[in-house]
Amino acid sequence: MPANSEIPVLDKGYVRLVDSMGSDLSVVRAARVSHDAAWRAGEDTGSDKRLIKYLWKNRHTSPFEHVTFTFEVKAPIFIFRQWHRHRTWSFNEVSARYKELDMGFFVPDPVNIGVQALSNKQGRQGIGDIHERNLQVQDLKDVYASIEQVYKYLLDCGWPRELARTVLPVGSYSAMFATVDLLNLFKFIELRADPHAQYEIQEYARALLKLVTPIVPVCTEVFLETNNPNPKDSIPSSTS
Ligand SMILES: Cc1cc2nc3c(=O)[nH]c(=O)nc-3n(C[C@H](O)[C@H](O)[C@H](O)COP(=O)(O)OP(=O)(O)OC[C@H]3O[C@@H](n4cnc5c(N)ncnc54)[C@H](O)[C@@H]3O)c2cc1C
């Protein structure tokens, strides 16, 4: 997938690959430095794949840090709250002090709402009463419309942006640039594409995996063989 590829996520979000450095070969080269082997400009061979598999299985993980990616992400603020816990990423986010936040609000698909999980205090389960959920989603949209009005009213009254934003909910969309190396991207995907993670961030994790697979096909294959981030749609589960 070339740079600037974009995958839509949730109702208004997306992830876009802005930039990347390296490939499967970068991992192989970094590992071979250990035993002073010559650099190669060539493409993947069977031995490269075996080496990548060996490295990953034996947790010789530092060679995977020689590949990096920069993504542009548009997501609700509650997703950013979870994402920003991952300290190995570098972030730059839109500032609601500099500009009016006008990227819309997250509206869940009624079929993905479910009910509070009984066994997992953080999660959710089932699909709930769809007719009721449709009505409640309309209520949510109405609340968002009122919030937007108050936000604009405060701005019109001369409130500074940094204070007018107080009224905005965690369902507001925001945008950021996020840079990470391949090792820590895999760690992120392992945690956040897992069914214990919140369904909405699972969607972002799966989209990231799709974006990087064509750049590091062998590493991705090896990662998926040994880790099971459940890349298919899964039952909504958890938070934070
Ligand atoms: C399902 C789920 C539920 C969660 N629930 C909550 C919750 O209720 N409340 C809450 O506060 N958080 C919660 N979290 C966040 C979680 O505790 C971690 O902060 C988050 O997943 C980031 O993981 P990480 O530290 O491995 O990632 P990163 O910060 O990206 O770190 C990656 C790896 O780098 C190493 N590393 C990074 N920093 C350090 C350091 N300072 N010292 C040593 N090693 C380091 C570790 O090996 C780490 O695994 C939840 C996460 C998940 C996935």
# chains A, B, ... in the order shown; residues from 1 in each chain; ligands from 1

call {"tool": "residues_near_ligand", "arguments": {"ligand": "ligand 1", "cutoff": "12 Å", "atoms": "only C-alpha atoms and all ligand atoms", "output": "NGL selection string"}}
result
:A and (59 or 61-62 or 65 or 79-91 or 120-123 or 178-202 or 205 or 229 or 236-240)

call {"tool": "write_last_selection", "arguments": {"atoms": "C-alpha atoms", "output": "PDB file, in the first residue's frame"}}
result
ATOM      1  CA  ARG A  59      12.372 -12.293  21.204  1.00  0.00           C
ATOM      2  CA  THR A  61      13.256  -7.852  18.882  1.00  0.00           C
ATOM      3  CA  SER A  62      15.562  -4.850  18.411  1.00  0.00           C
ATOM      4  CA  GLU A  65      12.881  -1.188  15.580  1.00  0.00           C
ATOM      5  CA  ILE A  79      -9.660   6.541  21.411  1.00  0.00           C
ATOM      6  CA  PHE A  80      -6.752   8.976  21.676  1.00  0.00           C
ATOM      7  CA  ARG A  81      -6.914   8.640  25.475  1.00  0.00           C
ATOM      8  CA  GLN A  82      -6.206   4.918  25.035  1.00  0.00           C
ATOM      9  CA  TRP A  83      -3.719   5.312  22.189  1.00  0.00           C
ATOM     10  CA  HIS A  84      -1.618   7.897  24.038  1.00  0.00           C
ATOM     11  CA  ARG A  85      -0.955   5.379  26.816  1.00  0.00           C
ATOM     12  CA  HIS A  86       1.478   3.750  24.396  1.00  0.00           C
ATOM     13  CA  ARG A  87       4.623   5.635  25.366  1.00  0.00           C
ATOM     14  CA  THR A  88       6.774   4.305  22.567  1.00  0.00           C
ATOM     15  CA  TRP A  89       4.847   6.326  19.974  1.00  0.00           C
ATOM     16  CA  SER A  90       5.502   9.980  19.084  1.00  0.00           C
ATOM     17  CA  PHE A  91       2.396  12.115  18.684  1.00  0.00           C
ATOM     18  CA  ASN A 120     -15.847  -8.142  32.247  1.00  0.00           C
ATOM     19  CA  LYS A 121     -16.303  -4.877  34.151  1.00  0.00           C
ATOM     20  CA  GLN A 122     -14.678  -2.862  31.350  1.00  0.00           C
ATOM     21  CA  GLY A 123     -16.445  -4.443  28.444  1.00  0.00           C
ATOM     22  CA  ALA A 178       1.615   9.235  15.135  1.00  0.00           C
ATOM     23  CA  THR A 179       5.030   7.690  14.541  1.00  0.00           C
ATOM     24  CA  VAL A 180       6.160   4.289  15.766  1.00  0.00           C
ATOM     25  CA  ASP A 181       8.667   1.569  15.002  1.00  0.00           C
ATOM     26  CA  LEU A 182       7.568  -1.856  13.810  1.00  0.00           C
ATOM     27  CA  LEU A 183       8.252  -3.640  17.102  1.00  0.00           C
ATOM     28  CA  ASN A 184       6.068  -1.278  19.098  1.00  0.00           C
ATOM     29  CA  LEU A 185       3.441  -1.206  16.367  1.00  0.00           C
ATOM     30  CA  PHE A 186       3.147  -4.990  16.721  1.00  0.00           C
ATOM     31  CA  LYS A 187       2.884  -4.613  20.515  1.00  0.00           C
ATOM     32  CA  PHE A 188       0.131  -2.054  20.012  1.00  0.00           C
ATOM     33  CA  ILE A 189      -1.740  -4.290  17.561  1.00  0.00           C
ATOM     34  CA  GLU A 190      -1.405  -7.295  19.853  1.00  0.00           C
ATOM     35  CA  LEU A 191      -3.028  -5.362  22.721  1.00  0.00           C
ATOM     36  CA  ARG A 192      -5.522  -3.261  20.797  1.00  0.00           C
ATOM     37  CA  ALA A 193      -6.784  -5.705  18.150  1.00  0.00           C
ATOM     38  CA  ASP A 194      -7.451  -8.184  20.938  1.00  0.00           C
ATOM     39  CA  PRO A 195     -11.122  -8.810  21.838  1.00  0.00           C
ATOM     40  CA  HIS A 196     -10.416  -7.495  25.356  1.00  0.00           C
ATOM     41  CA  ALA A 197      -9.717  -4.050  23.911  1.00  0.00           C
ATOM     42  CA  GLN A 198     -12.572  -1.677  23.131  1.00  0.00           C
ATOM     43  CA  TYR A 199     -14.207  -2.544  19.819  1.00  0.00           C
ATOM     44  CA  GLU A 200     -13.600   0.938  18.377  1.00  0.00           C
ATOM     45  CA  ILE A 201      -9.816   0.861  18.952  1.00  0.00           C
ATOM     46  CA  GLN A 202      -9.726  -2.710  17.623  1.00  0.00           C
ATOM     47  CA  ALA A 205      -5.504  -1.537  15.150  1.00  0.00           C
ATOM     48  CA  PRO A 229      -4.346 -10.265  17.423  1.00  0.00           C
ATOM     49  CA  PRO A 236     -17.093  -5.832  21.207  1.00  0.00           C
ATOM     50  CA  SER A 237     -15.414  -6.010  24.583  1.00  0.00           C
ATOM     51  CA  SER A 238     -13.479  -3.512  26.689  1.00  0.00           C
ATOM     52  CA  THR A 239     -12.119  -0.007  27.451  1.00  0.00           C
ATOM     53  CA  SER A 240      -9.018   2.057  28.286  1.00  0.00           C
TER      54      SER A 240
END

call {"tool": "closest_atom_pairs", "arguments": {"of": "region 100-148 of chain A", "to": "region 165-177 of chain A", "cutoff": "9 Å", "atoms": "only C-alpha atoms", "output": "tab-separated table"}}
result
residue	atom	partner	partner_atom	distance
A:Glu100	CA	A:Arg165	CA	8.2
A:Leu101	CA	A:Ser174	CA	7.4
A:Asp102	CA	A:Tyr173	CA	8.0
A:Met103	CA	A:Tyr173	CA	5.4
A:Gly104	CA	A:Tyr173	CA	5.6
A:Phe105	CA	A:Ser172	CA	4.4
A:Phe106	CA	A:Gly171	CA	5.1
A:Val107	CA	A:Gly171	CA	7.9
A:Tyr144	CA	A:Pro169	CA	8.5
A:Ile147	CA	A:Val167	CA	6.8
A:Glu148	CA	A:Leu168	CA	7.8

call {"tool": "residues_around", "arguments": {"residues": "region 158-161 of chain A", "least_positions_apart": "6", "cutoff": "8 Å", "atoms": "only C-alpha atoms", "output": "list of chain:residue names"}}
result
A:Ala96, A:Arg97, A:Tyr98, A:Lys99, A:Glu100

call {"tool": "write_last_selection", "arguments": {"atoms": "all heavy atoms", "output": "PDB file, in the first residue's frame"}}
result
ATOM      1  N   ALA A  96      -6.946  22.231  20.092  1.00  0.00           N
ATOM      2  CA  ALA A  96      -8.209  22.980  20.174  1.00  0.00           C
ATOM      3  C   ALA A  96      -7.982  24.332  20.832  1.00  0.00           C
ATOM      4  O   ALA A  96      -8.918  25.092  21.049  1.00  0.00           O
ATOM      5  CB  ALA A  96      -9.244  22.172  20.950  1.00  0.00           C
ATOM      6  N   ARG A  97      -6.702  24.643  21.163  1.00  0.00           N
ATOM      7  CA  ARG A  97      -6.358  26.003  21.581  1.00  0.00           C
ATOM      8  C   ARG A  97      -6.075  26.854  20.343  1.00  0.00           C
ATOM      9  O   ARG A  97      -6.365  28.035  20.302  1.00  0.00           O
ATOM     10  CB  ARG A  97      -5.126  26.005  22.482  1.00  0.00           C
ATOM     11  CG  ARG A  97      -5.323  25.257  23.774  1.00  0.00           C
ATOM     12  CD  ARG A  97      -4.071  25.314  24.605  1.00  0.00           C
ATOM     13  NE  ARG A  97      -3.833  26.652  25.129  1.00  0.00           N
ATOM     14  CZ  ARG A  97      -2.647  27.100  25.528  1.00  0.00           C
ATOM     15  NH1 ARG A  97      -1.579  26.333  25.432  1.00  0.00           N
ATOM     16  NH2 ARG A  97      -2.519  28.314  26.011  1.00  0.00           N
ATOM     17  N   TYR A  98      -5.476  26.223  19.330  1.00  0.00           N
ATOM     18  CA  TYR A  98      -5.119  26.952  18.109  1.00  0.00           C
ATOM     19  C   TYR A  98      -6.297  27.113  17.171  1.00  0.00           C
ATOM     20  O   TYR A  98      -6.419  28.084  16.457  1.00  0.00           O
ATOM     21  CB  TYR A  98      -4.020  26.210  17.339  1.00  0.00           C
ATOM     22  CG  TYR A  98      -2.627  26.495  17.814  1.00  0.00           C
ATOM     23  CD1 TYR A  98      -1.888  25.516  18.456  1.00  0.00           C
ATOM     24  CD2 TYR A  98      -2.030  27.742  17.601  1.00  0.00           C
ATOM     25  CE1 TYR A  98      -0.598  25.764  18.898  1.00  0.00           C
ATOM     26  CE2 TYR A  98      -0.743  27.999  18.037  1.00  0.00           C
ATOM     27  CZ  TYR A  98      -0.039  27.002  18.690  1.00  0.00           C
ATOM     28  OH  TYR A  98       1.237  27.247  19.123  1.00  0.00           O
ATOM     29  N   LYS A  99      -7.109  26.042  17.091  1.00  0.00           N
ATOM     30  CA  LYS A  99      -8.196  26.102  16.100  1.00  0.00           C
ATOM     31  C   LYS A  99      -9.480  25.523  16.683  1.00  0.00           C
ATOM     32  O   LYS A  99      -9.435  24.698  17.606  1.00  0.00           O
ATOM     33  CB  LYS A  99      -7.795  25.376  14.803  1.00  0.00           C
ATOM     34  CG  LYS A  99      -7.809  23.868  14.861  1.00  0.00           C
ATOM     35  CD  LYS A  99      -7.410  23.279  13.528  1.00  0.00           C
ATOM     36  CE  LYS A  99      -8.524  23.207  12.516  1.00  0.00           C
ATOM     37  NZ  LYS A  99      -9.518  22.168  12.700  1.00  0.00           N
ATOM     38  N   GLU A 100     -10.564  25.990  16.106  1.00  0.00           N
ATOM     39  CA  GLU A 100     -11.876  25.465  16.498  1.00  0.00           C
ATOM     40  C   GLU A 100     -11.922  23.978  16.127  1.00  0.00           C
ATOM     41  O   GLU A 100     -11.502  23.605  15.028  1.00  0.00           O
ATOM     42  CB  GLU A 100     -12.920  26.243  15.707  1.00  0.00           C
ATOM     43  CG  GLU A 100     -14.328  25.998  16.113  1.00  0.00           C
ATOM     44  CD  GLU A 100     -15.296  26.817  15.249  1.00  0.00           C
ATOM     45  OE1 GLU A 100     -14.939  27.963  14.872  1.00  0.00           O
ATOM     46  OE2 GLU A 100     -16.363  26.304  14.931  1.00  0.00           O
TER      47      GLU A 100
END

call {"tool": "atom_distance", "arguments": {"atom1": "CA of Leu17 (chain A)", "atom2": "CA of Ser5 (chain A)"}}
result
5.6 Å

call {"tool": "closest_residue", "arguments": {"among": "A:Asp109, A:Lys152, A:Val27, A:Leu211", "to": "Leu135 (chain A)", "atoms": "only C-alpha atoms"}}
result
A:Asp109

call {"tool": "atom_distance", "arguments": {"atom1": "CA of Asp142 (chain A)", "atom2": "CA of Gln116 (chain A)"}}
result
23.0 Å

call {"tool": "residues_around", "arguments": {"residues": "Tyr14 (chain A)", "least_positions_apart": "4", "cutoff": "9 Å", "atoms": "only C-alpha atoms", "output": "JSON, numbers by chain"}}
result
{"A": [6, 7, 8, 9, 10, 72, 73, 74, 75, 204, 207]}

call {"tool": "closest_residue", "arguments": {"among": "A:Val137, A:Leu25, A:Val143, A:Ala117", "to": "Ser47 (chain A)", "atoms": "only C-alpha atoms"}}
result
A:Leu25

call {"tool": "select_by_dssp", "arguments": {"residues": "region 30-193 of chain A", "states": "strand (DSSP E or B)", "output": "VMD selection string"}}
result
chain A and resid 68 to 76 90 to 93 105 115 to 116 124 to 125 172 to 181

call {"tool": "closest_residue", "arguments": {"among": "A:Thr226, A:Phe71, A:Met21, A:Ser119", "to": "Asn92 (chain A)", "atoms": "only C-alpha atoms"}}
result
A:Phe71

call {"tool": "decode", "arguments": {"residues": "region 145-156 of chain A", "atoms": "all heavy atoms", "output": "compact mmCIF listing (two decimals), in the first residue's frame"}}
result
# COMPACT_ATOMS: atom_id res chain seq x y z
N ALA A 145 -25.73 17.94 18.77
CA ALA A 145 -26.12 19.18 18.07
C ALA A 145 -26.19 20.34 19.08
O ALA A 145 -25.74 21.46 18.79
CB ALA A 145 -27.45 18.98 17.36
N SER A 146 -26.73 20.06 20.28
CA SER A 146 -26.81 21.12 21.30
C SER A 146 -25.42 21.54 21.75
O SER A 146 -25.13 22.73 21.92
CB SER A 146 -27.57 20.65 22.55
OG SER A 146 -28.79 20.13 22.19
N ILE A 147 -24.58 20.53 21.94
CA ILE A 147 -23.20 20.84 22.39
C ILE A 147 -22.50 21.72 21.37
O ILE A 147 -21.83 22.70 21.72
CB ILE A 147 -22.42 19.52 22.60
CG1 ILE A 147 -22.90 18.83 23.88
CG2 ILE A 147 -20.92 19.77 22.64
CD1 ILE A 147 -22.32 17.45 24.09
N GLU A 148 -22.68 21.37 20.10
CA GLU A 148 -22.04 22.15 19.04
C GLU A 148 -22.52 23.60 19.08
O GLU A 148 -21.74 24.54 18.93
CB GLU A 148 -22.37 21.51 17.69
CG GLU A 148 -21.39 21.88 16.61
CD GLU A 148 -21.58 21.05 15.35
OE1 GLU A 148 -22.58 20.29 15.26
OE2 GLU A 148 -20.74 21.17 14.46
N GLN A 149 -23.83 23.75 19.32
CA GLN A 149 -24.41 25.11 19.40
C GLN A 149 -23.79 25.90 20.54
O GLN A 149 -23.42 27.06 20.37
CB GLN A 149 -25.91 25.01 19.65
CG GLN A 149 -26.73 25.01 18.39
CD GLN A 149 -28.23 25.01 18.71
OE1 GLN A 149 -28.63 24.96 19.86
NE2 GLN A 149 -29.03 25.07 17.67
N VAL A 150 -23.67 25.26 21.72
CA VAL A 150 -23.12 25.96 22.88
C VAL A 150 -21.65 26.32 22.62
O VAL A 150 -21.20 27.43 22.93
CB VAL A 150 -23.24 25.11 24.17
CG1 VAL A 150 -22.58 25.79 25.35
CG2 VAL A 150 -24.70 24.82 24.47
N TYR A 151 -20.92 25.38 22.02
CA TYR A 151 -19.50 25.61 21.71
C TYR A 151 -19.36 26.84 20.81
O TYR A 151 -18.59 27.76 21.11
CB TYR A 151 -18.94 24.36 21.03
CG TYR A 151 -17.48 24.41 20.62
CD1 TYR A 151 -16.48 24.76 21.52
CD2 TYR A 151 -17.10 24.06 19.32
CE1 TYR A 151 -15.13 24.77 21.14
CE2 TYR A 151 -15.76 24.07 18.93
CZ TYR A 151 -14.79 24.42 19.84
OH TYR A 151 -13.46 24.43 19.46
N LYS A 152 -20.17 26.87 19.75
CA LYS A 152 -20.09 28.00 18.82
C LYS A 152 -20.55 29.29 19.49
O LYS A 152 -20.00 30.37 19.25
CB LYS A 152 -20.92 27.72 17.56
CG LYS A 152 -20.24 26.69 16.66
CD LYS A 152 -20.96 26.54 15.34
CE LYS A 152 -20.44 25.41 14.48
NZ LYS A 152 -19.01 25.36 14.30
N TYR A 153 -21.57 29.17 20.34
CA TYR A 153 -22.08 30.34 21.07
C TYR A 153 -20.97 30.95 21.94
O TYR A 153 -20.75 32.17 21.92
CB TYR A 153 -23.28 29.92 21.92
CG TYR A 153 -23.72 30.94 22.94
CD1 TYR A 153 -24.41 32.09 22.54
CD2 TYR A 153 -23.43 30.76 24.29
CE1 TYR A 153 -24.80 33.04 23.49
CE2 TYR A 153 -23.82 31.70 25.23
CZ TYR A 153 -24.50 32.83 24.83
OH TYR A 153 -24.87 33.76 25.75
N LEU A 154 -20.27 30.09 22.68
CA LEU A 154 -19.21 30.58 23.55
C LEU A 154 -18.11 31.26 22.72
O LEU A 154 -17.60 32.32 23.11
CB LEU A 154 -18.61 29.43 24.38
CG LEU A 154 -19.57 28.77 25.38
CD1 LEU A 154 -18.90 27.59 26.09
CD2 LEU A 154 -20.06 29.78 26.42
N LEU A 155 -17.78 30.64 21.58
CA LEU A 155 -16.77 31.24 20.70
C LEU A 155 -17.25 32.60 20.19
O LEU A 155 -16.50 33.60 20.20
CB LEU A 155 -16.44 30.32 19.53
CG LEU A 155 -15.69 29.02 19.88
CD1 LEU A 155 -15.65 28.08 18.68
CD2 LEU A 155 -14.26 29.33 20.36
N ASP A 156 -18.54 32.64 19.79
CA ASP A 156 -19.11 33.91 19.29
C ASP A 156 -19.10 34.98 20.38
O ASP A 156 -19.00 36.17 20.09
CB ASP A 156 -20.55 33.70 18.80
CG ASP A 156 -20.59 32.93 17.49
OD1 ASP A 156 -19.52 32.81 16.85
OD2 ASP A 156 -21.67 32.43 17.11
